[in-house]
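Student: data00.csv is the file, holding CSV, C-alpha atoms and all ligand atoms:
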```csv
chain,number,residue,atom,x,y,z
S,1,MET,CA,13.0,-42.9,-13.0
S,2,GLY,CA,12.2,-39.2,-13.0
S,3,THR,CA,12.6,-36.3,-15.4
S,4,ILE,CA,14.0,-33.7,-13.2
S,5,ILE,CA,14.9,-30.0,-13.4
S,6,LEU,CA,18.7,-29.5,-13.2
S,7,GLY,CA,18.7,-25.8,-13.4
S,8,THR,CA,16.6,-22.7,-14.0
S,9,GLY,CA,17.2,-19.2,-15.4
S,10,SER,CA,15.3,-16.1,-16.4
S,11,TRP,CA,16.0,-12.7,-18.0
S,12,LEU,CA,13.9,-9.6,-18.1
S,13,PRO,CA,14.4,-6.5,-20.4
S,14,ARG,CA,15.9,-3.5,-18.8
S,15,ARG,CA,13.1,-1.1,-19.5
S,16,VAL,CA,10.3,-0.9,-16.8
S,17,MET,CA,7.0,0.5,-18.0
S,18,SER,CA,4.6,1.6,-15.3
S,19,ASN,CA,0.9,2.0,-15.4
S,20,VAL,CA,1.4,5.8,-15.2
S,21,GLU,CA,3.2,5.6,-18.5
S,22,LEU,CA,0.3,3.8,-20.0
S,23,GLU,CA,-2.0,6.6,-18.9
S,24,GLU,CA,-0.2,8.7,-21.6
S,25,MET,CA,-0.8,6.2,-24.3
S,26,VAL,CA,-4.4,5.0,-23.9
S,27,ASP,CA,-7.5,6.0,-22.0
S,28,THR,CA,-6.7,4.2,-18.7
S,29,THR,CA,-5.6,4.9,-15.2
S,30,ASP,CA,-3.0,3.4,-12.8
S,31,GLU,CA,-5.9,2.8,-10.4
S,32,TRP,CA,-8.0,0.8,-13.0
S,33,ILE,CA,-5.1,-1.3,-14.0
S,34,ARG,CA,-4.1,-2.1,-10.3
S,35,THR,CA,-7.5,-2.9,-9.1
S,36,ARG,CA,-8.7,-4.9,-12.1
S,37,THR,CA,-5.4,-6.8,-12.9
S,38,GLY,CA,-3.0,-6.4,-10.0
S,39,ILE,CA,-0.3,-5.3,-12.5
S,40,GLU,CA,1.9,-2.4,-11.5
S,41,ASN,CA,4.8,-2.6,-13.9
S,42,ARG,CA,5.9,-4.6,-16.9
S,43,ARG,CA,9.2,-4.9,-18.9
S,44,ILE,CA,9.4,-3.8,-22.5
S,45,ALA,CA,12.2,-5.1,-24.8
S,46,GLY,CA,14.6,-2.6,-26.3
S,47,ALA,CA,17.6,-2.7,-28.7
S,48,GLY,CA,19.5,-5.9,-28.3
S,49,GLU,CA,16.5,-7.6,-26.6
S,50,LYS,CA,14.8,-9.6,-29.3
S,51,THR,CA,13.0,-12.7,-28.2
S,52,TYR,CA,15.9,-15.0,-28.9
S,53,GLN,CA,18.3,-12.7,-27.1
S,54,LEU,CA,16.2,-12.7,-23.9
S,55,ALA,CA,15.8,-16.5,-24.3
S,56,ALA,CA,19.5,-17.1,-24.7
S,57,LYS,CA,20.3,-15.1,-21.6
S,58,ALA,CA,17.8,-17.1,-19.6
S,59,ALA,CA,19.2,-20.3,-21.1
S,60,ARG,CA,22.8,-19.4,-20.1
S,61,LYS,CA,21.7,-18.8,-16.5
S,62,ALA,CA,19.8,-22.2,-16.5
S,63,LEU,CA,22.9,-24.0,-17.8
S,64,ALA,CA,25.1,-22.3,-15.3
S,65,THR,CA,22.8,-23.4,-12.4
S,66,ALA,CA,22.7,-26.9,-13.8
S,67,GLN,CA,26.5,-26.8,-14.2
S,68,LEU,CA,26.2,-28.0,-17.8
S,69,SER,CA,27.8,-26.6,-21.0
S,70,ALA,CA,25.7,-25.8,-24.0
S,71,GLU,CA,27.4,-28.6,-26.0
S,72,GLU,CA,25.7,-31.1,-23.6
S,73,ILE,CA,22.2,-30.1,-24.7
S,74,GLU,CA,20.6,-32.3,-27.3
S,75,LEU,CA,17.2,-30.7,-27.6
S,76,ILE,CA,16.1,-27.0,-27.4
S,77,VAL,CA,12.4,-26.2,-27.4
S,78,VAL,CA,11.2,-22.6,-27.2
S,79,GLY,CA,7.6,-21.8,-26.5
S,80,THR,CA,6.9,-18.4,-28.1
S,81,ILE,CA,4.3,-16.4,-30.1
S,82,SER,CA,6.5,-13.4,-30.6
S,83,SER,CA,9.8,-14.4,-32.3
S,84,HIS,CA,11.1,-11.6,-34.6
S,85,MET,CA,11.1,-14.1,-37.5
S,86,LEU,CA,8.7,-16.8,-38.6
S,87,MET,CA,11.6,-18.8,-39.9
S,88,PRO,CA,14.1,-19.7,-38.6
S,89,SER,CA,12.5,-20.5,-35.3
S,90,CYS,CA,13.5,-18.7,-32.2
S,91,ALA,CA,15.0,-21.9,-31.0
S,92,CYS,CA,17.4,-22.0,-33.9
S,93,TYR,CA,18.6,-18.5,-33.0
S,94,VAL,CA,19.1,-19.6,-29.4
S,95,GLN,CA,21.0,-22.7,-30.5
S,96,HIS,CA,23.5,-20.6,-32.4
S,97,GLU,CA,23.6,-17.8,-29.8
S,98,ILE,CA,24.5,-20.1,-26.9
S,99,GLY,CA,26.7,-22.5,-29.0
S,100,ALA,CA,24.6,-25.6,-28.5
S,101,VAL,CA,26.3,-27.3,-31.4
S,102,ASN,CA,24.9,-30.8,-30.6
S,103,ALA,CA,21.2,-29.8,-30.3
S,104,GLN,CA,18.2,-30.0,-32.5
S,105,ALA,CA,16.0,-27.0,-31.9
S,106,TYR,CA,12.5,-25.9,-32.7
S,107,ASP,CA,9.6,-23.7,-31.5
S,108,ILE,CA,6.2,-24.7,-30.2
S,109,ASN,CA,3.2,-22.4,-30.3
S,110,ALA,CA,0.9,-23.1,-27.4
S,111,ALA,CA,0.7,-19.4,-26.4
S,112,CYS,CA,0.8,-19.1,-22.6
S,113,SER,CA,0.8,-22.9,-22.2
S,114,GLY,CA,4.0,-23.2,-24.2
S,115,PHE,CA,6.3,-23.9,-21.2
S,116,LEU,CA,4.1,-26.6,-19.7
S,117,TYR,CA,3.6,-28.3,-23.2
S,118,GLY,CA,7.4,-28.0,-23.4
S,119,ILE,CA,7.9,-29.9,-20.1
S,120,ASP,CA,5.8,-32.7,-21.6
S,121,ILE,CA,8.2,-32.9,-24.6
S,122,ALA,CA,11.2,-32.9,-22.3
S,123,ASP,CA,9.7,-35.7,-20.2
S,124,HIS,CA,8.9,-37.9,-23.2
S,125,HIS,CA,12.3,-37.3,-24.8
S,126,ILE,CA,14.2,-38.0,-21.5
S,127,GLN,CA,12.1,-41.1,-20.7
S,128,ALA,CA,13.1,-42.4,-24.2
S,129,ARG,CA,16.8,-41.4,-23.9
S,130,LYS,CA,17.8,-41.1,-20.3
S,131,GLU,CA,21.2,-39.6,-21.1
S,132,ALA,CA,19.6,-36.6,-22.8
S,133,LYS,CA,19.7,-33.1,-21.5
S,134,VAL,CA,16.9,-30.9,-22.7
S,135,LEU,CA,16.5,-27.1,-22.6
S,136,ILE,CA,12.9,-25.8,-22.4
S,137,ILE,CA,12.4,-22.1,-22.7
S,138,GLY,CA,9.4,-19.7,-22.7
S,139,ALA,CA,10.3,-16.4,-24.2
S,140,GLU,CA,8.3,-13.4,-25.5
S,141,ALA,CA,8.8,-9.9,-26.8
S,142,ILE,CA,5.1,-9.7,-26.9
S,143,SER,CA,5.3,-5.8,-26.9
S,144,SER,CA,6.1,-6.2,-30.6
S,145,ARG,CA,2.7,-7.9,-31.1
S,146,LEU,CA,0.4,-5.6,-29.1
S,147,ASN,CA,-2.0,-3.0,-30.4
S,148,TRP,CA,-0.8,0.0,-28.4
S,149,GLN,CA,-4.1,1.7,-29.1
S,150,ASP,CA,-6.2,-1.1,-27.5
S,151,ARG,CA,-6.5,-0.5,-23.8
S,152,ASN,CA,-8.1,-4.0,-23.4
S,153,THR,CA,-4.9,-5.7,-24.2
S,154,CYS,CA,-1.8,-3.4,-24.1
S,155,ILE,CA,-2.0,-2.9,-20.3
S,156,LEU,CA,-1.9,-6.6,-19.6
S,157,PHE,CA,1.2,-8.0,-21.2
S,158,GLY,CA,5.0,-7.7,-20.9
S,159,ASP,CA,8.3,-9.2,-22.2
S,160,GLY,CA,10.8,-11.6,-20.7
S,161,ALA,CA,12.2,-15.2,-20.8
S,162,GLY,CA,12.6,-18.1,-18.5
S,163,ALA,CA,14.4,-21.5,-19.0
S,164,ALA,CA,14.9,-24.8,-17.4
S,165,VAL,CA,17.3,-27.7,-18.1
S,166,PHE,CA,15.9,-31.2,-17.8
S,167,GLY,CA,17.7,-34.4,-17.1
S,168,TYR,CA,17.2,-37.9,-15.7
S,169,SER,CA,17.3,-39.2,-12.1
S,170,GLU,CA,17.3,-42.9,-11.0
S,171,ASP,CA,15.1,-41.7,-8.1
S,172,ALA,CA,11.6,-42.4,-9.3
S,173,ARG,CA,10.1,-40.3,-6.5
S,174,ARG,CA,11.5,-37.1,-8.1
S,175,GLY,CA,10.7,-35.2,-11.2
S,176,VAL,CA,7.6,-34.9,-13.4
S,177,LEU,CA,4.9,-36.8,-11.7
S,178,GLY,CA,2.2,-36.2,-14.3
S,179,SER,CA,0.5,-33.6,-16.5
S,180,SER,CA,-3.0,-33.0,-17.9
S,181,HIS,CA,-3.2,-30.8,-21.0
S,182,GLY,CA,-6.0,-29.8,-23.3
S,183,THR,CA,-6.8,-27.9,-26.4
S,184,ASP,CA,-10.0,-26.5,-27.9
S,185,GLY,CA,-9.4,-25.0,-31.3
S,186,SER,CA,-13.1,-24.1,-31.7
S,187,GLN,CA,-12.6,-21.3,-29.2
S,188,TRP,CA,-9.7,-19.7,-31.1
S,189,GLU,CA,-11.4,-16.3,-31.6
S,190,LEU,CA,-11.3,-15.5,-27.9
S,191,LEU,CA,-7.5,-14.9,-28.1
S,192,TYR,CA,-5.6,-14.8,-31.4
S,193,MET,CA,-3.0,-13.1,-33.6
S,194,HIS,CA,-3.0,-12.9,-37.4
S,195,THR,CA,0.2,-13.4,-39.4
S,196,ALA,CA,1.4,-11.0,-42.1
S,197,PRO,CA,-1.1,-10.8,-45.0
S,198,SER,CA,-1.1,-13.8,-47.3
S,199,THR,CA,0.5,-13.4,-50.8
S,200,ASN,CA,-2.0,-16.0,-52.0
S,201,ALA,CA,-5.3,-14.2,-52.3
S,202,ASP,CA,-7.3,-17.5,-52.3
S,203,ILE,CA,-6.3,-18.4,-48.8
S,204,GLU,CA,-6.1,-14.9,-47.3
S,205,VAL,CA,-7.9,-14.8,-43.9
S,206,ALA,CA,-10.9,-12.5,-44.1
S,207,GLY,CA,-10.7,-9.5,-41.9
S,208,ASN,CA,-6.9,-9.8,-41.1
S,209,LYS,CA,-6.4,-7.0,-38.7
S,210,GLY,CA,-2.7,-7.2,-38.6
S,211,ALA,CA,-0.2,-9.3,-36.6
S,212,PHE,CA,-1.1,-8.2,-33.1
S,213,LEU,CA,-2.9,-9.8,-30.2
S,214,VAL,CA,-6.7,-9.7,-30.1
S,215,MET,CA,-8.7,-10.8,-27.0
S,216,GLU,CA,-12.2,-11.2,-25.7
S,217,GLY,CA,-11.3,-10.5,-22.1
S,218,LYS,CA,-14.5,-11.5,-20.3
S,219,GLU,CA,-14.9,-14.8,-22.2
S,220,ILE,CA,-11.3,-15.7,-21.7
S,221,PHE,CA,-11.6,-15.0,-18.0
S,222,LYS,CA,-14.5,-17.4,-17.5
S,223,PHE,CA,-12.8,-20.1,-19.7
S,224,ALA,CA,-9.4,-19.7,-18.0
S,225,VAL,CA,-10.6,-20.2,-14.4
S,226,LYS,CA,-12.6,-23.3,-15.3
S,227,ALA,CA,-9.9,-24.8,-17.5
S,228,MET,CA,-7.1,-24.4,-15.0
S,229,GLU,CA,-9.2,-25.6,-12.1
S,230,GLU,CA,-10.2,-28.8,-14.1
S,231,ALA,CA,-6.7,-29.5,-15.2
S,232,VAL,CA,-5.4,-29.1,-11.7
S,233,PHE,CA,-7.9,-31.6,-10.3
S,234,ARG,CA,-7.2,-34.0,-13.2
S,235,VAL,CA,-3.5,-34.1,-12.6
S,236,LEU,CA,-4.0,-34.5,-8.9
S,237,ASP,CA,-6.4,-37.4,-9.5
S,238,ASP,CA,-4.1,-39.1,-12.0
S,239,THR,CA,-1.1,-38.9,-9.6
S,240,GLY,CA,-2.9,-39.5,-6.3
S,241,VAL,CA,-1.6,-36.4,-4.8
S,242,SER,CA,-3.9,-34.2,-2.7
S,243,LEU,CA,-4.0,-30.4,-3.0
S,244,ALA,CA,-3.0,-30.2,0.7
S,245,ASP,CA,0.3,-32.0,-0.2
S,246,VAL,CA,1.2,-29.4,-2.8
S,247,SER,CA,4.0,-27.2,-1.4
S,248,LEU,CA,3.8,-24.5,-4.0
S,249,LEU,CA,1.5,-23.5,-6.8
S,250,ILE,CA,3.1,-21.7,-9.7
S,251,PRO,CA,0.3,-20.6,-12.0
S,252,HIS,CA,0.5,-18.8,-15.3
S,253,GLN,CA,0.7,-15.1,-14.2
S,254,ALA,CA,-2.2,-13.9,-16.4
S,255,ASN,CA,-3.6,-11.2,-14.0
S,256,MET,CA,-4.6,-11.0,-10.4
S,257,ARG,CA,-8.4,-11.2,-11.1
S,258,ILE,CA,-8.1,-14.6,-12.8
S,259,LEU,CA,-5.6,-15.8,-10.2
S,260,SER,CA,-7.7,-14.7,-7.3
S,261,LYS,CA,-10.8,-16.5,-8.7
S,262,LEU,CA,-8.7,-19.6,-9.3
S,263,LEU,CA,-7.3,-19.6,-5.8
S,264,GLU,CA,-10.7,-19.1,-4.3
S,265,ARG,CA,-12.1,-22.1,-6.3
S,266,LEU,CA,-9.1,-24.3,-5.4
S,267,ALA,CA,-9.1,-23.0,-1.8
S,268,VAL,CA,-5.3,-22.6,-1.9
S,269,PRO,CA,-3.9,-20.1,0.6
S,270,ARG,CA,-1.9,-17.2,-0.9
S,271,GLU,CA,1.3,-18.2,1.0
S,272,LYS,CA,1.3,-21.4,-1.1
S,273,VAL,CA,1.2,-19.5,-4.4
S,274,PHE,CA,4.1,-17.8,-6.2
S,275,LEU,CA,3.0,-14.5,-7.7
S,276,ASN,CA,5.1,-11.9,-9.6
S,277,VAL,CA,2.4,-10.7,-12.0
S,278,MET,CA,2.5,-7.2,-10.3
S,279,ASN,CA,6.1,-6.8,-11.6
S,280,TYR,CA,5.9,-8.2,-15.1
S,281,GLY,CA,2.3,-8.5,-16.2
S,282,ASN,CA,1.4,-11.4,-18.4
S,283,THR,CA,4.5,-12.6,-20.2
S,284,SER,CA,2.7,-15.4,-22.1
S,285,ALA,CA,4.9,-18.5,-22.5
S,286,ALA,CA,7.6,-16.9,-20.3
S,287,SER,CA,5.5,-16.4,-17.3
S,288,ILE,CA,5.8,-19.8,-15.6
S,289,PRO,CA,9.5,-20.3,-16.2
S,290,ILE,CA,10.3,-16.8,-14.9
S,291,ALA,CA,8.2,-17.5,-11.8
S,292,LEU,CA,9.8,-20.9,-11.5
S,293,ASP,CA,13.3,-19.4,-11.6
S,294,GLU,CA,12.4,-16.6,-9.1
S,295,ALA,CA,10.9,-19.2,-6.7
S,296,ASN,CA,14.0,-21.3,-7.1
S,297,ARG,CA,16.4,-18.4,-6.5
S,298,ALA,CA,14.3,-17.3,-3.5
S,299,GLY,CA,14.8,-20.7,-1.9
S,300,ARG,CA,11.1,-21.6,-2.1
S,301,LEU,CA,11.8,-25.0,-3.7
S,302,LYS,CA,13.1,-27.6,-1.3
S,303,ALA,CA,14.0,-31.3,-1.9
S,304,ASP,CA,10.9,-33.4,-1.9
S,305,ASP,CA,8.6,-30.4,-2.4
S,306,THR,CA,5.6,-31.0,-4.7
S,307,ILE,CA,5.2,-28.1,-7.2
S,308,LEU,CA,2.1,-27.6,-9.2
S,309,PHE,CA,1.9,-25.6,-12.4
S,310,CYS,CA,-1.2,-24.6,-14.4
S,311,SER,CA,-1.8,-22.4,-17.5
S,312,VAL,CA,-4.2,-21.3,-20.1
S,313,GLY,CA,-3.6,-19.5,-23.3
S,314,GLY,CA,-4.5,-18.8,-27.0
S,315,GLY,CA,-5.6,-21.8,-29.0
S,316,LEU,CA,-7.2,-22.3,-26.7
S,317,THR,CA,-4.7,-24.4,-24.8
S,318,TRP,CA,-4.4,-25.2,-21.1
S,319,GLY,CA,-2.7,-27.6,-18.7
S,320,ALA,CA,-1.4,-28.5,-15.3
S,321,THR,CA,1.8,-30.3,-14.4
S,322,LEU,CA,3.0,-31.7,-11.1
S,323,ILE,CA,6.7,-32.0,-10.3
S,324,ARG,CA,8.5,-33.4,-7.2
S,325,TRP,CA,11.6,-31.2,-6.7
V,1,LIG,O1,-3.3,-15.7,-20.7
V,1,LIG,C1,-4.7,-15.4,-20.7
V,1,LIG,C2,-4.8,-14.0,-21.3
V,1,LIG,N1,-6.0,-13.3,-21.0
V,1,LIG,C3,-6.2,-12.6,-19.8
V,1,LIG,O2,-5.5,-12.7,-18.9
V,1,LIG,C4,-7.5,-11.8,-19.7
V,1,LIG,C5,-8.7,-12.4,-19.1
V,1,LIG,N2,-9.6,-11.3,-18.8
V,1,LIG,C6,-9.6,-10.6,-17.7
V,1,LIG,O3,-8.9,-10.9,-16.7
V,1,LIG,C7,-10.6,-9.4,-17.5
V,1,LIG,O4,-11.5,-9.5,-18.6
V,1,LIG,C8,-9.8,-8.1,-17.6
V,1,LIG,C9,-9.0,-7.9,-16.3
V,1,LIG,C10,-8.9,-8.0,-18.8
V,1,LIG,C11,-10.8,-6.9,-17.7
V,1,LIG,O5,-11.7,-6.9,-16.6
V,1,LIG,P1,-13.3,-6.8,-16.8
V,1,LIG,O6,-13.9,-6.5,-15.5
V,1,LIG,O7,-13.7,-8.1,-17.5
V,1,LIG,O8,-13.4,-5.6,-17.7
V,1,LIG,P2,-14.3,-5.4,-19.0
V,1,LIG,O9,-13.5,-5.9,-20.2
V,1,LIG,O10,-15.7,-5.9,-18.8
V,1,LIG,O11,-14.4,-3.9,-19.0
V,1,LIG,C12,-15.1,-3.1,-18.0
V,1,LIG,C13,-15.0,-1.7,-18.4
V,1,LIG,C14,-15.4,-1.4,-19.8
V,1,LIG,O12,-16.1,-0.2,-19.8
V,1,LIG,P3,-17.7,-0.1,-19.9
V,1,LIG,O13,-18.0,-0.8,-21.2
V,1,LIG,O14,-18.1,-0.8,-18.7
V,1,LIG,O15,-17.9,1.4,-20.0
V,1,LIG,C15,-14.1,-1.3,-20.6
V,1,LIG,O16,-14.2,-0.5,-21.7
V,1,LIG,O17,-13.6,-1.2,-18.3
V,1,LIG,C16,-13.2,-0.7,-19.5
V,1,LIG,N3,-11.8,-0.9,-19.7
V,1,LIG,C17,-10.9,-0.1,-19.3
V,1,LIG,N4,-10.9,1.0,-18.5
V,1,LIG,C18,-9.8,1.6,-18.2
V,1,LIG,C19,-11.2,-2.0,-20.4
V,1,LIG,N5,-9.9,-1.8,-20.3
V,1,LIG,C20,-9.6,-0.7,-19.6
V,1,LIG,C21,-8.5,0.0,-19.3
V,1,LIG,N6,-8.6,1.1,-18.6
V,1,LIG,N7,-7.2,-0.5,-19.6
```
Please go through the file and, once you have read it, give me the structure as structure tokens.
Ligand code: UT7

Tutor:
Amino acid sequence: MGTIILGTGSWLPRRVMSNVELEEMVDTTDEWIRTRTGIENRRIAGAGEKTYQLAAKAARKALATAQLSAEEIELIVVGTISSHMLMPSCACYVQHEIGAVNAQAYDINAACSGFLYGIDIADHHIQARKEAKVLIIGAEAISSRLNWQDRNTCILFGDGAGAAVFGYSEDARRGVLGSSHGTDGSQWELLYMHTAPSTNADIEVAGNKGAFLVMEGKEIFKFAVKAMEEAVFRVLDDTGVSLADVSLLIPHQANMRILSKLLERLAVPREKVFLNVMNYGNTSAASIPIALDEANRAGRLKADDTILFCSVGGGLTWGATLIRW
């Protein structure tokens, strides 16, 4: 009895921001960005493209692919760190926007690992209630949470949303085969974002720099490669699947340097990896579901294919998930 993906969808903001545009904003060059990160363009949200609006558009496409109506969804989970409001959650806005009148909805904050953590929630929910249809979304307007004077971070990230609808299949060979997730809160200072200043002085966080992303790039790089590699081998071990049997790896699209190192360590050939980081940069929780949808629409996911996902993000959080299509 498998938890399967019934449909996928994604949505990107209209505005494309090139590396050349960034040259006007911070002390950087197109060449530095391309060679260090592989990123050429990213999308930046504009009017009418708040996080929930991107999420709702991706969700509608996923529902259409799954041939389901919004009323049939009973759970919506959005992985995001850049909703325009702290409360209500982004998921509540999505629930209203798409008319999912029978759904409960909430957000999870696992940064770039949000979508894979979301798959775990969908799997547990569906294994407990096999008639359930669950919508998992990763959505970010992370451009609203970047320090546009910090060349270490602003060149890396972009906006977008991806979604998948999950349901149940009697065919036990299909669906989520396993996952291996981890968290290490002691390493939070490598990648974080403050909230708005506290109105209770006693619990104000010392040195609150403002609600934008702060990163120790070099340290994250080392941690990310190791964490994803270990999670991949753990999920393969747990499920008894070999790396050679994996049809496609869809990693979190952090940047090409991290991904090249990871692929080298895993010894996975490029043709078995789905990459779109050059077009969108790092879209945090949205990166895996956007890539999943693009791979799906490009016909790269065939019945019986084994698809491997891996991620790492603020928290620190990480994980790997294995699905049979
Ligand atoms: O979801 C996970 C999110 N995190 C990540 O994906 C980031 C992980 N980190 C990395 O992948 C790498 O650390 C980067 C690609 C971000 C940076 O590569 P690096 O080789 O580690 O660069 P660096 O931070 O060591 O900086 C090298 C030099 C420095 O100059 P000096 O000190 O050698 O003079 C930086 O100031 O490059 C400079 N630099 C830049 N130069 C031009 C940093 N950012 C830029 C920039 N343009 N945008």

Student: Report, in Å to a single decimal, how far apart atom CA of Val273 of chain S and atom O2 of ligand LIG 1 (chain V) are.

Tutor: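 Atom CA of Val273 of chain S lies 17.4 Å from atom O2 of ligand LIG 1 (chain V).
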
Student: Would you give me, as a Markdown table, each residue of chain S having an atom within 7 Å of an atom of ligand LIG 1 (chain V), along with its shortest atom pair and that distance in Å to one decimal, using all atoms listed in the file and sorting by chain and residue number?

Tutor:
```
| residue | atom | partner | partner_atom | distance |
| --- | --- | --- | --- | --- |
| S:Asp27 | CA | V:LIG1 | N6 | 6.1 |
| S:Thr28 | CA | V:LIG1 | N6 | 3.6 |
| S:Thr29 | CA | V:LIG1 | N6 | 5.9 |
| S:Trp32 | CA | V:LIG1 | C18 | 5.6 |
| S:Ile33 | CA | V:LIG1 | N7 | 6.0 |
| S:Arg36 | CA | V:LIG1 | C9 | 5.2 |
| S:Thr37 | CA | V:LIG1 | C9 | 5.1 |
| S:Cys112 | CA | V:LIG1 | O1 | 5.7 |
| S:Arg151 | CA | V:LIG1 | N7 | 4.3 |
| S:Asn152 | CA | V:LIG1 | N5 | 4.2 |
| S:Ile155 | CA | V:LIG1 | N7 | 5.8 |
| S:Gly217 | CA | V:LIG1 | O4 | 3.6 |
| S:Lys218 | CA | V:LIG1 | O4 | 4.0 |
| S:Ile220 | CA | V:LIG1 | C5 | 4.9 |
| S:Phe221 | CA | V:LIG1 | C5 | 4.0 |
| S:Ala224 | CA | V:LIG1 | C1 | 6.9 |
| S:Ala254 | CA | V:LIG1 | O2 | 4.3 |
| S:Asn255 | CA | V:LIG1 | O2 | 5.5 |
| S:Arg257 | CA | V:LIG1 | O3 | 5.6 |
| S:Ile258 | CA | V:LIG1 | O3 | 5.4 |
| S:Asn282 | CA | V:LIG1 | O1 | 6.8 |
| S:Ser284 | CA | V:LIG1 | O1 | 6.2 |
| S:Val312 | CA | V:LIG1 | O1 | 5.7 |
| S:Gly313 | CA | V:LIG1 | O1 | 4.6 |
```

Student: Can you pull out every residue within 7 Å of segment 174-189 of chain S, counting only C-alpha atoms, but drop anything in the same chain fewer than 2 positions away, and send it as a PDB file with C-alpha atoms, keeping the file's coordinate frame?

Tutor:
```pdb
ATOM      1  CA  GLY S   2      12.200 -39.200 -13.000  1.00  0.00           C
ATOM      2  CA  THR S   3      12.600 -36.300 -15.400  1.00  0.00           C
ATOM      3  CA  ILE S   4      14.000 -33.700 -13.200  1.00  0.00           C
ATOM      4  CA  ASP S 171      15.100 -41.700  -8.100  1.00  0.00           C
ATOM      5  CA  ALA S 172      11.600 -42.400  -9.300  1.00  0.00           C
ATOM      6  CA  LEU S 191      -7.500 -14.900 -28.100  1.00  0.00           C
ATOM      7  CA  TYR S 192      -5.600 -14.800 -31.400  1.00  0.00           C
ATOM      8  CA  ALA S 231      -6.700 -29.500 -15.200  1.00  0.00           C
ATOM      9  CA  ARG S 234      -7.200 -34.000 -13.200  1.00  0.00           C
ATOM     10  CA  VAL S 235      -3.500 -34.100 -12.600  1.00  0.00           C
ATOM     11  CA  THR S 239      -1.100 -38.900  -9.600  1.00  0.00           C
ATOM     12  CA  GLY S 314      -4.500 -18.800 -27.000  1.00  0.00           C
ATOM     13  CA  GLY S 315      -5.600 -21.800 -29.000  1.00  0.00           C
ATOM     14  CA  LEU S 316      -7.200 -22.300 -26.700  1.00  0.00           C
ATOM     15  CA  THR S 317      -4.700 -24.400 -24.800  1.00  0.00           C
ATOM     16  CA  TRP S 318      -4.400 -25.200 -21.100  1.00  0.00           C
ATOM     17  CA  GLY S 319      -2.700 -27.600 -18.700  1.00  0.00           C
ATOM     18  CA  ALA S 320      -1.400 -28.500 -15.300  1.00  0.00           C
ATOM     19  CA  THR S 321       1.800 -30.300 -14.400  1.00  0.00           C
ATOM     20  CA  LEU S 322       3.000 -31.700 -11.100  1.00  0.00           C
ATOM     21  CA  ILE S 323       6.700 -32.000 -10.300  1.00  0.00           C
ATOM     22  CA  ARG S 324       8.500 -33.400  -7.200  1.00  0.00           C
ATOM     23  CA  TRP S 325      11.600 -31.200  -6.700  1.00  0.00           C
TER      24      TRP S 325
END
```

Student: Need the shell around Leu6 of chain S: protein/DNA/RNA residues with any atom at most 6 Å away, counting only C-alpha atoms. Skip same-chain ones fewer than 6 positions apart. Format as number ranges by chain?

Tutor: S: 66, 165-166

Student: Could you list, as a PyMOL selection string, every residue within 7 Å of segment 95-111 of chain S, counting only C-alpha atoms and ignoring same-chain residues fewer than 6 positions away?

Tutor: chain S and resi 56+70-71+73-81+89+284-285+313-315+317

Student: Take atom CA of Ile126 of chain S and atom CA of Glu72 of chain S and report the distance between them in Å, one decimal.

Tutor: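 Interatomic distance, atom CA of Ile126 of chain S to atom CA of Glu72 of chain S: 13.6 Å.
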
Student: Kindly give the distance, in Å, that separates atom CA of Val246 of chain S and atom CA of Cys310 of chain S, rounded to a single decimal.

Tutor: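 Answer for the atom CA of Val246 of chain S to atom CA of Cys310 of chain S separation: 12.8 Å.
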
Student: With only C-alpha atoms as the atoms that count, which of S:Ile44, S:Leu146, S:Ile250, S:Leu236 lies nearest to Lys209 of chain S?

Tutor: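 Distance minimum relative to Lys209 of chain S lands on S:Leu146.
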
Student: Which of these, S:Val241, S:Val26, S:Ala58, S:Leu213, has the shortest distance to Gly160 of chain S once you count all atoms listed in the file?

Tutor: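 Of the candidates, the smallest distance to Gly160 of chain S is held by S:Ala58.
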
Student: Could you list, as a ChimeraX atom specification, every residue within 12 Å of segment 15-21 of chain S, counting all atoms listed in the file and ignoring same-chain residues fewer than 6 positions away?

Tutor: /S:27-35,37-49,143,151,154-160,278-281

Student: Could you tell me which of S:Leu266, S:Ile288, S:Ile137, S:Ala128 comes closest to Phe309 of chain S if we count all atoms listed in the file?

Tutor: S:Ile288

Student: Identify which of the residues S:Ala196, S:Ile119, S:Ala267, S:Ala201 lies closest to Gly167 of chain S, counting all atoms listed in the file when measuring atom-to-atom distances.

Tutor: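 Selected residue with least distance to Gly167 of chain S: S:Ile119.
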
Student: Check the smallest atom-to-atom distance from each of S:Ser144, S:Leu68, S:Tyr168, S:Leu243 to His125 of chain S using all atoms listed in the file, then report the winner.

Tutor: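 Smallest distance to His125 of chain S is found for S:Tyr168.
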
Student: Distance cut-off 10 Å, centre (17.9, -12.7, -24.6) in file coordinates, counting all atoms listed in the file: which residues qualify? Return them as a list in words.

Tutor: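 Protein, DNA and RNA residues close to (17.9, -12.7, -24.6): Ser10, Trp11, Leu12, Pro13, Ala45, Gly48, Glu49, Lys50, Thr51, Tyr52, Gln53, Leu54, Ala55, Ala56, Lys57, Ala58, Ala59, Arg60, Val94, Glu97, Ala139, Glu140, Ala141, Gly160, Ala161 and Gly162 of chain S.
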
Student: Under the rule that all atoms listed in the file are counted, which of S:His252, S:Leu86, S:Gln67, S:Asp150 is the nearest residue to Thr283 of chain S?

Tutor: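 Result for the nearest residue to Thr283 of chain S: S:His252.
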